[in-house]
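A.B. asks: query_9.csv is reproduced below (CSV, C-alpha atoms and all ligand atoms).
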```
chain,number,residue,atom,x,y,z
A,24,MET,CA,-19.8,-18.0,-10.0
A,25,SER,CA,-16.2,-19.2,-9.6
A,26,ASP,CA,-14.0,-18.1,-6.7
A,27,LYS,CA,-10.8,-18.5,-8.7
A,28,SER,CA,-8.2,-15.9,-8.0
A,29,TYR,CA,-5.7,-14.2,-10.2
A,30,ASP,CA,-2.7,-12.3,-9.0
A,31,GLY,CA,-1.4,-9.1,-10.6
A,32,GLY,CA,0.9,-6.3,-9.9
A,33,CYS,CA,2.6,-3.2,-11.1
A,34,PHE,CA,5.7,-3.0,-13.4
A,35,CYS,CA,8.2,-3.1,-10.6
A,36,GLY,CA,6.3,-5.4,-8.2
A,37,ALA,CA,6.0,-3.0,-5.3
A,38,VAL,CA,2.2,-3.2,-5.6
A,39,GLN,CA,0.5,-6.5,-5.7
A,40,LEU,CA,-3.2,-7.3,-6.0
A,41,THR,CA,-5.6,-10.2,-6.4
A,42,VAL,CA,-8.9,-10.4,-8.2
A,43,THR,CA,-11.4,-13.1,-7.4
A,44,GLY,CA,-14.3,-14.6,-9.3
A,45,GLU,CA,-15.5,-13.6,-12.7
A,46,PRO,CA,-15.3,-10.0,-14.1
A,47,ALA,CA,-18.5,-8.2,-14.8
A,48,ALA,CA,-17.2,-7.4,-18.3
A,49,MET,CA,-14.1,-7.5,-20.4
A,50,GLY,CA,-13.3,-5.5,-23.5
A,51,TYR,CA,-11.4,-2.7,-25.1
A,52,CYS,CA,-11.8,1.0,-24.5
A,53,HIS,CA,-10.9,3.4,-27.3
A,54,CYS,CA,-11.7,6.7,-25.4
A,55,GLU,CA,-9.4,9.7,-25.6
A,56,SER,CA,-8.9,9.7,-21.8
A,57,CYS,CA,-7.6,6.1,-21.7
A,58,ARG,CA,-5.4,6.8,-24.6
A,59,HIS,CA,-3.9,10.0,-23.2
A,60,TRP,CA,-3.3,8.7,-19.7
A,61,SER,CA,-2.0,5.3,-20.8
A,62,ALA,CA,0.0,6.6,-23.8
A,63,GLY,CA,-1.3,3.6,-25.7
A,64,PRO,CA,-4.0,3.5,-28.4
A,65,ILE,CA,-6.4,1.2,-26.6
A,66,ASN,CA,-7.0,0.1,-23.0
A,67,ALA,CA,-7.9,-3.6,-22.4
A,68,PHE,CA,-10.2,-3.5,-19.4
A,69,THR,CA,-11.6,-6.0,-17.0
A,70,LEU,CA,-14.4,-4.7,-14.8
A,71,TRP,CA,-14.9,-6.1,-11.2
A,72,PRO,CA,-17.1,-5.3,-8.3
A,73,PRO,CA,-15.0,-3.5,-5.6
A,74,ASP,CA,-15.0,-6.4,-3.2
A,75,ALA,CA,-13.5,-8.7,-5.8
A,76,VAL,CA,-10.3,-6.6,-5.9
A,77,LYS,CA,-7.8,-6.8,-3.0
A,78,VAL,CA,-4.5,-5.0,-2.8
A,79,THR,CA,-2.2,-7.5,-1.1
A,80,LYS,CA,1.0,-5.4,-1.1
A,81,GLY,CA,2.1,-1.8,-1.3
A,82,GLU,CA,-1.3,-0.1,-0.7
A,83,ASP,CA,0.4,3.1,0.5
A,84,ASN,CA,2.5,3.1,-2.7
A,85,ILE,CA,-0.6,3.7,-4.9
A,86,GLY,CA,-1.0,7.1,-6.5
A,87,SER,CA,-4.4,8.4,-7.5
A,88,TYR,CA,-5.7,10.9,-10.0
A,89,ALA,CA,-9.2,11.9,-10.8
A,90,LYS,CA,-9.7,14.2,-13.7
A,91,THR,CA,-13.4,13.7,-13.4
A,92,ASP,CA,-15.5,12.1,-10.6
A,93,ASN,CA,-16.2,9.1,-13.0
A,94,SER,CA,-12.6,7.7,-13.0
A,95,HIS,CA,-10.1,7.5,-10.2
A,96,ARG,CA,-6.9,6.3,-12.0
A,97,LYS,CA,-4.3,4.4,-9.9
A,98,TRP,CA,-0.7,3.7,-10.5
A,99,CYS,CA,2.5,2.6,-8.6
A,100,LYS,CA,4.4,5.6,-7.2
A,101,SER,CA,7.7,3.7,-7.6
A,102,CYS,CA,7.6,2.6,-11.3
A,103,GLY,CA,4.6,4.6,-12.6
A,104,GLY,CA,3.0,1.4,-13.8
A,105,HIS,CA,-0.7,1.5,-14.2
A,106,LEU,CA,-2.9,-0.6,-11.9
A,107,PHE,CA,-6.6,0.0,-12.1
A,108,THR,CA,-9.3,2.7,-12.4
A,109,GLU,CA,-12.2,3.0,-10.0
A,110,HIS,CA,-15.5,4.0,-11.6
A,111,PRO,CA,-17.6,5.1,-8.6
A,112,ALA,CA,-20.8,5.9,-10.6
A,113,MET,CA,-20.7,2.4,-12.3
A,114,GLY,CA,-19.8,0.7,-9.0
A,115,LEU,CA,-17.0,-1.2,-10.8
A,116,ILE,CA,-13.2,-1.2,-10.9
A,117,ASP,CA,-11.3,-1.6,-14.1
A,118,VAL,CA,-8.2,-3.7,-13.5
A,119,TYR,CA,-6.1,-3.5,-16.6
A,120,ALA,CA,-5.9,-6.8,-18.4
A,121,ALA,CA,-2.2,-6.4,-18.9
A,122,ILE,CA,-1.4,-6.5,-15.2
A,123,ILE,CA,-3.3,-9.8,-14.5
A,124,PRO,CA,-1.7,-11.9,-17.2
A,125,ASN,CA,-3.1,-15.3,-16.0
A,126,LEU,CA,-6.7,-14.2,-16.3
A,127,PRO,CA,-8.1,-15.7,-19.5
A,128,PHE,CA,-9.0,-12.4,-21.3
A,129,ALA,CA,-12.1,-12.9,-23.3
A,130,PRO,CA,-13.3,-9.5,-24.6
A,131,THR,CA,-17.0,-9.2,-25.5
A,132,LEU,CA,-17.2,-5.5,-26.5
A,133,HIS,CA,-15.3,-2.4,-27.6
A,134,VAL,CA,-16.4,0.8,-26.0
A,135,PHE,CA,-16.1,4.5,-27.1
A,136,TYR,CA,-15.3,3.3,-30.7
A,137,GLU,CA,-16.4,6.7,-31.9
A,138,GLU,CA,-13.1,8.0,-30.6
A,139,THR,CA,-10.9,5.3,-32.0
A,140,VAL,CA,-7.5,5.8,-33.6
A,141,LEU,CA,-6.9,2.1,-34.2
A,142,ARG,CA,-9.7,0.2,-35.9
A,143,ILE,CA,-9.8,-3.5,-34.8
A,144,HIS,CA,-11.3,-6.1,-37.2
A,145,ASP,CA,-12.0,-8.9,-34.7
A,146,GLY,CA,-15.8,-9.3,-35.2
A,147,VAL,CA,-16.4,-8.2,-31.6
A,148,VAL,CA,-19.3,-5.6,-31.2
A,149,LYS,CA,-18.2,-1.9,-31.4
A,150,HIS,CA,-20.1,0.5,-29.2
A,151,LYS,CA,-20.2,4.2,-30.1
A,152,ASP,CA,-20.0,4.9,-26.4
A,153,VAL,CA,-21.1,2.2,-23.9
A,154,PRO,CA,-24.1,-0.3,-23.8
A,155,GLY,CA,-27.4,0.9,-22.5
A,156,ALA,CA,-27.0,-1.3,-19.4
A,157,MET,CA,-23.9,0.7,-18.6
A,158,GLY,CA,-25.7,4.1,-19.0
A,159,GLY,CA,-24.7,4.7,-22.6
A,160,SER,CA,-26.6,5.1,-26.0
A,161,GLY,CA,-26.3,1.4,-26.9
A,162,THR,CA,-25.5,2.5,-30.5
A,163,GLU,CA,-23.3,0.1,-32.4
A,164,LEU,CA,-20.8,1.1,-35.1
A,165,SER,CA,-19.3,-0.7,-37.9
A,166,GLU,CA,-15.6,-1.8,-37.6
A,201,ZN,ZN,5.7,-0.4,-9.3
A,202,ZN,ZN,-11.5,4.7,-21.9
```
Output the structure of this file as structure tokens.

C.D. replies:
Amino acid sequence: MSDKSYDGGCFCGAVQLTVTGEPAAMGYCHCESCRHWSAGPINAFTLWPPDAVKVTKGEDNIGSYAKTDNSHRKWCKSCGGHLFTEHPAMGLIDVYAAIIPNLPFAPTLHVFYEETVLRIHDGVVKHKDVPGAMGGSGTELSE
């Protein structure tokens, strides 16, 4: 377990954060919720235990929206830039890979591929929803 840290922040820089150690998982989410909220076809995620994520600047500038109890989505109130999503049931926080550019992003899975609008031919496993260890069906789909 490394205690290396990676700095990140929102689009305007008002909110800054640091993640420390190794993410529990890295990959791409193809679900409709990520797509609709982010206005992008896929969300590149990195999942961290909550104590690995520290907001270092602009904590009171973070907006929060929870359409469901499973996902508390966070963004900067100044620029609207997305920051992270808390997943309380999973006990993990998804810090968007795009906001921590120095973290070596090494995706090992695609999740909710059943809902994809953009097929990716990268040879990385495609889960219909999420792996069994994450509470899903564990069903894999072809690319
Ligand atoms: Zn901002
Ligand atoms: Zn998603």

A.B. asks: Give me, as a VMD selection string, the set of residues whose atoms come within 12 Å of any atom of ligand ZN 202 (chain A), counting all atoms listed in the file.

C.D. replies: chain A and resid 50 to 69 93 to 94 96 107 to 108 110 117 119 133 to 139 151 to 153

A.B. asks: To one decimal in Å, tell me the separation between atom CA of Thr79 of chain A and atom CA of Ala37 of chain A.

C.D. replies: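 Atom-to-atom, atom CA of Thr79 of chain A to atom CA of Ala37 of chain A, that is 10.3 Å.
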
A.B. asks: Using all atoms listed in the file, can you tell me which of A:Val78, A:Val118, A:Val38, A:Leu126 comes closest to His95 of chain A?

C.D. replies: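 Between A:Val78, A:Val118, A:Val38, A:Leu126, the residue approaching His95 of chain A most closely is A:Val118.
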
A.B. asks: Taking all atoms listed in the file into account, which residues are within 12 Å of ligand ZN 201 (chain A), as a PyMOL selection string?

C.D. replies: chain A and resi 31-40+80-86+97-106+122

A.B. asks: Mind checking which residues fall within 7 Å of Val76 of chain A, counting all atoms listed in the file, ignoring those fewer than 3 positions away in the same chain, and posting them as a list in words?

C.D. replies: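 With the cut-off at 7 Å, the set is Thr41, Val42, Thr43 and Pro73 of chain A.
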
A.B. asks: Looking at all atoms listed in the file, which of A:Gly114, A:Pro154, A:Gly44, A:Gly146 is the one that sits closest to Glu166 of chain A?

C.D. replies: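 Closest to Glu166 of chain A of all the choices is A:Gly146.
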
A.B. asks: Quick one: distance from atom CA of Asp30 of chain A to atom CA of Ile123 of chain A in Å, one decimal?

C.D. replies: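 Separating atom CA of Asp30 of chain A from atom CA of Ile123 of chain A is a distance of 6.1 Å.
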
A.B. asks: Which distance in Å separates atom CA of Val140 of chain A and atom CA of Asn125 of chain A, to one decimal?

C.D. replies: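 Result for atom CA of Val140 of chain A versus atom CA of Asn125 of chain A: 27.8 Å, one decimal.
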
A.B. asks: So, counting only C-alpha atoms, which residue among A:Ile116, A:Ala156, A:Ala48, A:Leu141 is closest to Ala129 of chain A?

C.D. replies: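 Closest candidate: A:Ala48.
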
A.B. asks: Looking at all atoms listed in the file, which of A:Pro72, A:Pro127, A:Gly161, A:Pro46 is the one that sits closest to Val148 of chain A?

C.D. replies: A:Gly161
